[in-house]
file input_14.txt (compact mmCIF, C-alpha atoms)
# COMPACT_ATOMS: atom_id res chain seq x y z
CA MET P 1 89.18 91.64 135.56
CA PRO P 2 92.76 90.88 134.45
CA TYR P 3 95.49 93.28 135.51
CA ARG P 4 96.41 95.85 132.89
CA GLU P 5 100.01 97.02 132.85
CA LEU P 6 100.18 100.77 132.45
CA ILE P 7 102.76 102.38 130.21
CA MET P 8 103.94 105.97 130.28
CA VAL P 9 101.59 107.03 127.50
CA ASP P 10 98.63 105.71 129.55
CA ILE P 11 99.60 107.90 132.49
CA LYS P 12 100.08 110.88 130.19
CA GLU P 13 96.65 110.33 128.64
CA MET P 14 94.97 110.34 132.05
CA LEU P 15 96.86 113.49 133.03
CA ARG P 16 95.86 115.22 129.78
CA ARG P 17 92.24 114.49 130.47
CA ARG P 18 92.63 115.67 134.07
CA ALA P 19 94.06 118.96 132.77
CA ALA P 20 91.06 119.26 130.45
CA GLY P 21 88.75 119.11 133.46
CA GLN P 22 87.41 115.59 132.92
CA SER P 23 86.32 113.61 135.97
CA ALA P 24 87.77 110.24 136.91
CA ARG P 25 84.46 108.60 136.01
CA HIS P 26 84.46 110.27 132.58
CA VAL P 27 88.08 109.28 131.88
CA ALA P 28 87.47 105.69 132.93
CA ARG P 29 84.41 105.43 130.70
CA GLU P 30 86.16 106.82 127.61
CA THR P 31 89.56 105.14 127.94
CA GLY P 32 88.72 101.75 129.42
CA PHE P 33 90.96 102.24 132.46
CA GLU P 34 89.52 101.16 135.79
CA ARG P 35 88.01 104.05 137.69
CA GLU P 36 90.15 103.23 140.73
CA THR P 37 93.29 103.44 138.58
CA VAL P 38 92.28 106.83 137.20
CA GLY P 39 91.48 107.99 140.72
CA ARG P 40 94.93 106.96 141.97
CA CYS P 41 96.51 108.82 139.07
CA PHE P 42 94.53 111.97 139.84
CA GLU P 43 95.38 111.71 143.55
CA ALA P 44 99.07 111.25 142.78
CA ALA P 45 99.00 114.29 140.49
CA ALA P 46 97.35 116.39 143.20
CA THR P 47 99.84 115.20 145.82
CA LEU P 48 102.90 115.88 143.66
CA PRO P 49 101.46 118.59 143.07
CA LEU P 50 101.08 118.77 139.29
CA PRO P 51 99.63 121.99 137.78
CA ARG P 52 96.84 121.60 135.25
CA ASN P 53 97.98 124.42 132.96
CA ARG P 54 101.08 122.81 131.45
CA GLU P 55 102.33 119.53 130.03
CA PRO P 56 103.87 117.21 132.64
CA THR P 57 107.56 116.41 132.31
CA ASP P 58 108.80 112.86 131.78
CA GLU P 59 110.11 112.88 135.36
CA GLU P 60 106.68 113.85 136.71
CA ILE P 61 104.93 111.19 134.63
CA HIS P 62 107.43 108.59 135.85
CA ALA P 63 106.88 109.63 139.48
CA ILE P 64 103.10 109.43 139.13
CA ALA P 65 103.34 106.05 137.38
CA GLN P 66 105.34 104.67 140.29
CA ARG P 67 102.70 105.85 142.75
CA VAL P 68 99.81 104.54 140.68
CA GLN P 69 101.33 101.10 140.14
CA ALA P 70 103.03 100.98 143.53
CA ARG P 71 106.11 99.47 141.93
CA PRO P 72 108.96 100.73 139.75
CA VAL P 73 108.20 101.37 136.10
CA PRO P 74 110.44 99.08 134.04
CA ASP P 75 113.14 100.74 131.99
CA ALA P 76 112.88 100.68 128.22
CA SER P 77 114.52 97.67 126.58
CA GLU P 78 117.60 98.05 124.41
CA GLU P 79 115.49 97.35 121.32
CA TRP P 80 113.02 100.04 122.34
CA LYS P 81 115.86 102.53 122.83
CA GLU P 82 117.26 101.60 119.43
CA ILE P 83 113.93 102.35 117.73
CA ASP P 84 113.35 105.44 119.85
CA ALA P 85 116.62 106.91 118.60
CA HIS P 86 114.95 107.05 115.17
CA ARG P 87 111.59 108.33 116.48
CA ALA P 88 111.57 111.47 114.33
CA ARG P 89 112.40 109.46 111.21
CA VAL P 90 109.70 106.86 111.94
CA GLU P 91 107.13 109.56 112.61
CA ALA P 92 107.97 111.33 109.34
CA TRP P 93 107.46 108.09 107.44
CA LEU P 94 104.11 107.52 109.17
CA VAL P 95 102.65 110.99 108.55
CA GLN P 96 103.89 111.74 105.03
CA PRO P 97 101.19 112.09 102.31
CA ARG P 98 101.67 108.43 101.37
CA PRO P 99 102.56 106.78 104.70
CA LEU P 100 104.93 103.84 104.63
CA LYS P 101 103.81 100.49 105.98
CA LEU P 102 105.51 99.37 109.16
CA THR P 103 107.03 96.40 107.36
CA LYS P 104 108.71 98.81 104.92
CA ILE P 105 109.87 101.07 107.76
CA HIS P 106 111.36 98.08 109.53
CA MET P 107 113.22 97.09 106.37
CA LEU P 108 114.58 100.63 105.85
CA LEU P 109 115.73 100.90 109.45
CA LYS P 110 117.59 97.60 109.19
CA ARG P 111 119.04 98.23 105.73
CA ASP P 112 119.98 101.91 105.92
CA HIS P 113 120.48 102.55 109.62
CA GLY P 114 121.71 99.26 111.03
CA VAL P 115 118.78 98.82 113.42
CA SER P 116 118.55 95.27 114.74
CA ALA P 117 115.34 95.66 116.78
CA SER P 118 112.47 93.32 115.96
CA TYR P 119 109.37 94.24 114.01
CA ASP P 120 107.23 93.67 117.12
CA THR P 121 109.22 96.31 118.99
CA LEU P 122 108.82 98.75 116.10
CA ARG P 123 105.08 98.11 116.08
CA ARG P 124 104.80 98.83 119.81
CA VAL P 125 106.78 102.06 119.41
CA ALA P 126 104.60 103.08 116.46
CA MET P 127 101.44 102.45 118.47
CA GLU P 128 102.75 104.65 121.25
CA GLU P 129 103.82 107.21 118.66
CA LEU P 130 100.27 107.32 117.36
CA ALA P 131 98.97 108.01 120.86
CA TRP P 132 101.68 110.64 121.27
CA ARG P 133 100.55 112.41 118.10
CA THR P 134 96.95 112.66 119.28
CA GLN P 135 98.14 113.99 122.62
CA THR P 136 100.38 116.69 121.17
CA ARG P 137 97.48 117.91 119.02
CA GLY P 138 95.11 118.17 121.97
CA LEU P 139 92.76 115.49 120.67
CA PHE P 140 90.84 112.91 122.67
CA VAL P 141 89.95 109.53 121.22
CA ASP P 142 86.30 108.74 121.97
CA ALA P 143 86.30 105.04 121.18
CA ALA P 144 83.22 102.84 121.30
CA ARG P 145 83.09 100.68 124.40
CA VAL P 146 83.44 96.91 124.14
CA ARG P 147 80.08 95.19 123.63
CA SER P 148 78.31 98.58 123.42
CA PRO P 149 77.10 98.76 119.79
CA ARG P 150 74.95 101.81 120.47
CA ASP P 151 78.10 103.87 121.03
CA LYS P 152 79.15 103.32 117.43
CA ALA P 153 75.64 103.96 116.20
CA ARG P 154 75.67 107.37 117.88
CA VAL P 155 78.81 108.27 115.95
CA GLU P 156 77.53 106.97 112.63
CA ASN P 157 74.26 108.88 112.98
CA HIS P 158 76.27 112.05 112.44
CA VAL P 159 77.57 110.68 109.14
CA ALA P 160 74.04 110.45 107.77
CA TYR P 161 73.24 113.93 109.08
CA VAL P 162 76.28 115.44 107.34
CA ARG P 163 75.57 113.57 104.12
CA GLU P 164 71.88 114.46 103.96
CA SER P 165 72.08 118.03 105.25
CA TRP P 166 75.23 119.13 103.44
CA PHE P 167 76.63 116.79 100.79
CA ASP P 168 73.53 115.49 98.99
CA GLY P 169 72.51 117.63 96.04
CA GLU P 170 75.71 119.65 95.99
CA SER P 171 78.11 119.93 93.06
CA PHE P 172 81.71 121.02 93.59
CA THR P 173 84.27 121.86 90.94
CA SER P 174 87.29 121.65 93.23
CA LEU P 175 88.43 120.39 96.61
CA ASP P 176 88.85 123.97 97.84
CA GLU P 177 85.24 124.73 96.93
CA ALA P 178 84.06 121.64 98.82
CA ARG P 179 86.11 122.60 101.87
CA ALA P 180 84.74 126.14 101.86
CA SER P 181 81.20 124.80 101.60
CA ALA P 182 81.79 122.33 104.43
CA GLU P 183 83.20 125.08 106.66
CA TRP P 184 80.18 127.28 105.94
CA TRP P 185 77.79 124.41 106.69
CA CYS P 186 79.54 123.56 109.98
CA ARG P 187 79.52 127.18 111.10
CA ASP P 188 76.20 128.55 109.85
CA VAL P 189 73.97 125.49 109.57
CA ALA P 190 74.98 122.65 111.89
CA GLY P 191 76.67 124.96 114.36
CA ALA P 192 73.83 127.48 114.45
CA ARG P 193 70.93 125.06 114.95
CA VAL P 194 69.33 124.22 118.27
CA HIS P 195 70.49 120.71 119.17
CA GLY P 196 67.61 118.28 119.49
CA THR P 197 68.88 116.68 122.71
CA THR P 198 70.72 119.43 124.58
CA ARG P 199 68.49 122.28 123.32
CA GLU P 200 71.64 124.37 122.98
CA VAL P 201 73.35 125.97 119.99
CA PRO P 202 76.53 123.92 119.28
CA ARG P 203 78.61 126.89 118.11
CA GLU P 204 77.76 128.88 121.23
CA VAL P 205 78.64 125.92 123.47
CA PHE P 206 81.94 125.43 121.63
CA ASP P 207 82.89 129.12 121.86
CA ALA P 208 82.05 129.17 125.57
CA ARG P 209 84.26 126.16 126.25
CA VAL P 210 87.09 127.60 124.18
CA ASN P 211 86.92 130.80 126.22
CA GLN P 212 87.01 128.80 129.45
CA ARG P 213 90.12 126.91 128.32
CA GLU P 214 91.83 130.09 127.16
CA GLN P 215 91.18 131.67 130.55
CA ARG P 216 92.86 128.65 132.15
CA GLY P 217 95.91 129.20 129.96
CA CYS P 218 95.25 126.38 127.47
CA THR P 219 95.73 126.87 123.74
CA VAL P 220 92.80 125.83 121.56
CA GLY P 221 92.77 125.88 117.78
CA ARG P 222 89.69 127.35 116.16
call {"tool": "encode", "arguments": {"input": "input_14.txt", "output": "structure tokens"}}
result
Amino acid sequence: MPYRELIMVDIKEMLRRRAAGQSARHVARETGFERETVGRCFEAAATLPLPRNREPTDEEIHAIAQRVQARPVPDASEEWKEIDAHRARVEAWLVQPRPLKLTKIHMLLKRDHGVSASYDTLRRVAMEELAWRTQTRGLFVDAARVRSPRDKARVENHVAYVRESWFDGESFTSLDEARASAEWWCRDVAGARVHGTTREVPREVFDARVNQREQRGCTVGR
């Protein structure tokens, strides 16, 4: 297997999942990192030691990255620093109701802010920014594994279930009405049923896990 260079956001993602109680095997399966790499990251975090109930600092992430890769983490390039100085502006353009394309963002940065960094550098920063946004919102990306088509099928099965159990046959006069109906269906229909595989009630499982995280000092949105 070819060597995969880790970046700071990779280390932070592994640490987030460690804080959420995921095992090294689970993290490796969902992220595509080698299990040995995840294990070294977890060991480095335990040796530091790094608490699980707070976000790691940049210094802690850097220290763990050095231990995991057994070599210094390269400093950001001048172009990267130039783009990073406009991180808030780039993020605002990416998350506004009508997001700007990266080509347009690159043009605006060059024209209005004198940025000389290349488009490729902007694209790499934007990709890391996307990962950063999912991390700050406490989300985990559960991507389908390479050459594992059944993973995607499992996800798409839920689309049919939602469509057939909730959407089909309904008639909504407004977006707010549709949202209220969807919330009711999630809570009192899908969430209250006995799951066919686990034989558990999804809403009860969710509430139990939320309570566990709150007891550990983590904030979970309901």
call {"tool": "residues_around", "arguments": {"input": "input_14.txt", "residues": "P:Val27", "least_positions_apart": "2", "cutoff": "12 Å", "atoms": "all atoms listed in the file", "output": "PyMOL selection string"}}
result
chain P and resi 10-11+13-25+29-39+41-42+140-143
call {"tool": "residues_around", "arguments": {"input": "input_14.txt", "residues": "P:His62", "least_positions_apart": "4", "cutoff": "10 Å", "atoms": "only C-alpha atoms", "output": "ChimeraX atom specification"}}
result
/P:7-8,11-12,56-58,66-68,72-73
call {"tool": "closest_residue", "arguments": {"input": "input_14.txt", "among": "P:Ile64, P:Val9, P:Val205, P:Trp185", "to": "P:Glu170", "atoms": "only C-alpha atoms"}}
result
P:Trp185
call {"tool": "atom_distance", "arguments": {"input": "input_14.txt", "atom1": "atom CA of P:Pro51", "atom2": "atom CA of P:His26"}}
result
19.9 Å
call {"tool": "residues_around", "arguments": {"input": "input_14.txt", "residues": "P:Leu109", "least_positions_apart": "6", "cutoff": "12 Å", "atoms": "only C-alpha atoms", "output": "PyMOL selection string"}}
result
chain P and resi 82-87+89-90+93+102-103+115-119+122
call {"tool": "atom_distance", "arguments": {"input": "input_14.txt", "atom1": "atom CA of P:Pro97", "atom2": "atom CA of P:Arg163"}}
result
25.7 Å
call {"tool": "atom_distance", "arguments": {"input": "input_14.txt", "atom1": "atom CA of P:Cys186", "atom2": "atom CA of P:Val201"}}
result
12.0 Å
call {"tool": "closest_residue", "arguments": {"input": "input_14.txt", "among": "P:Ala88, P:Ala63, P:Val159, P:Ala192", "to": "P:Glu204", "atoms": "all atoms listed in the file"}}
result
P:Ala192
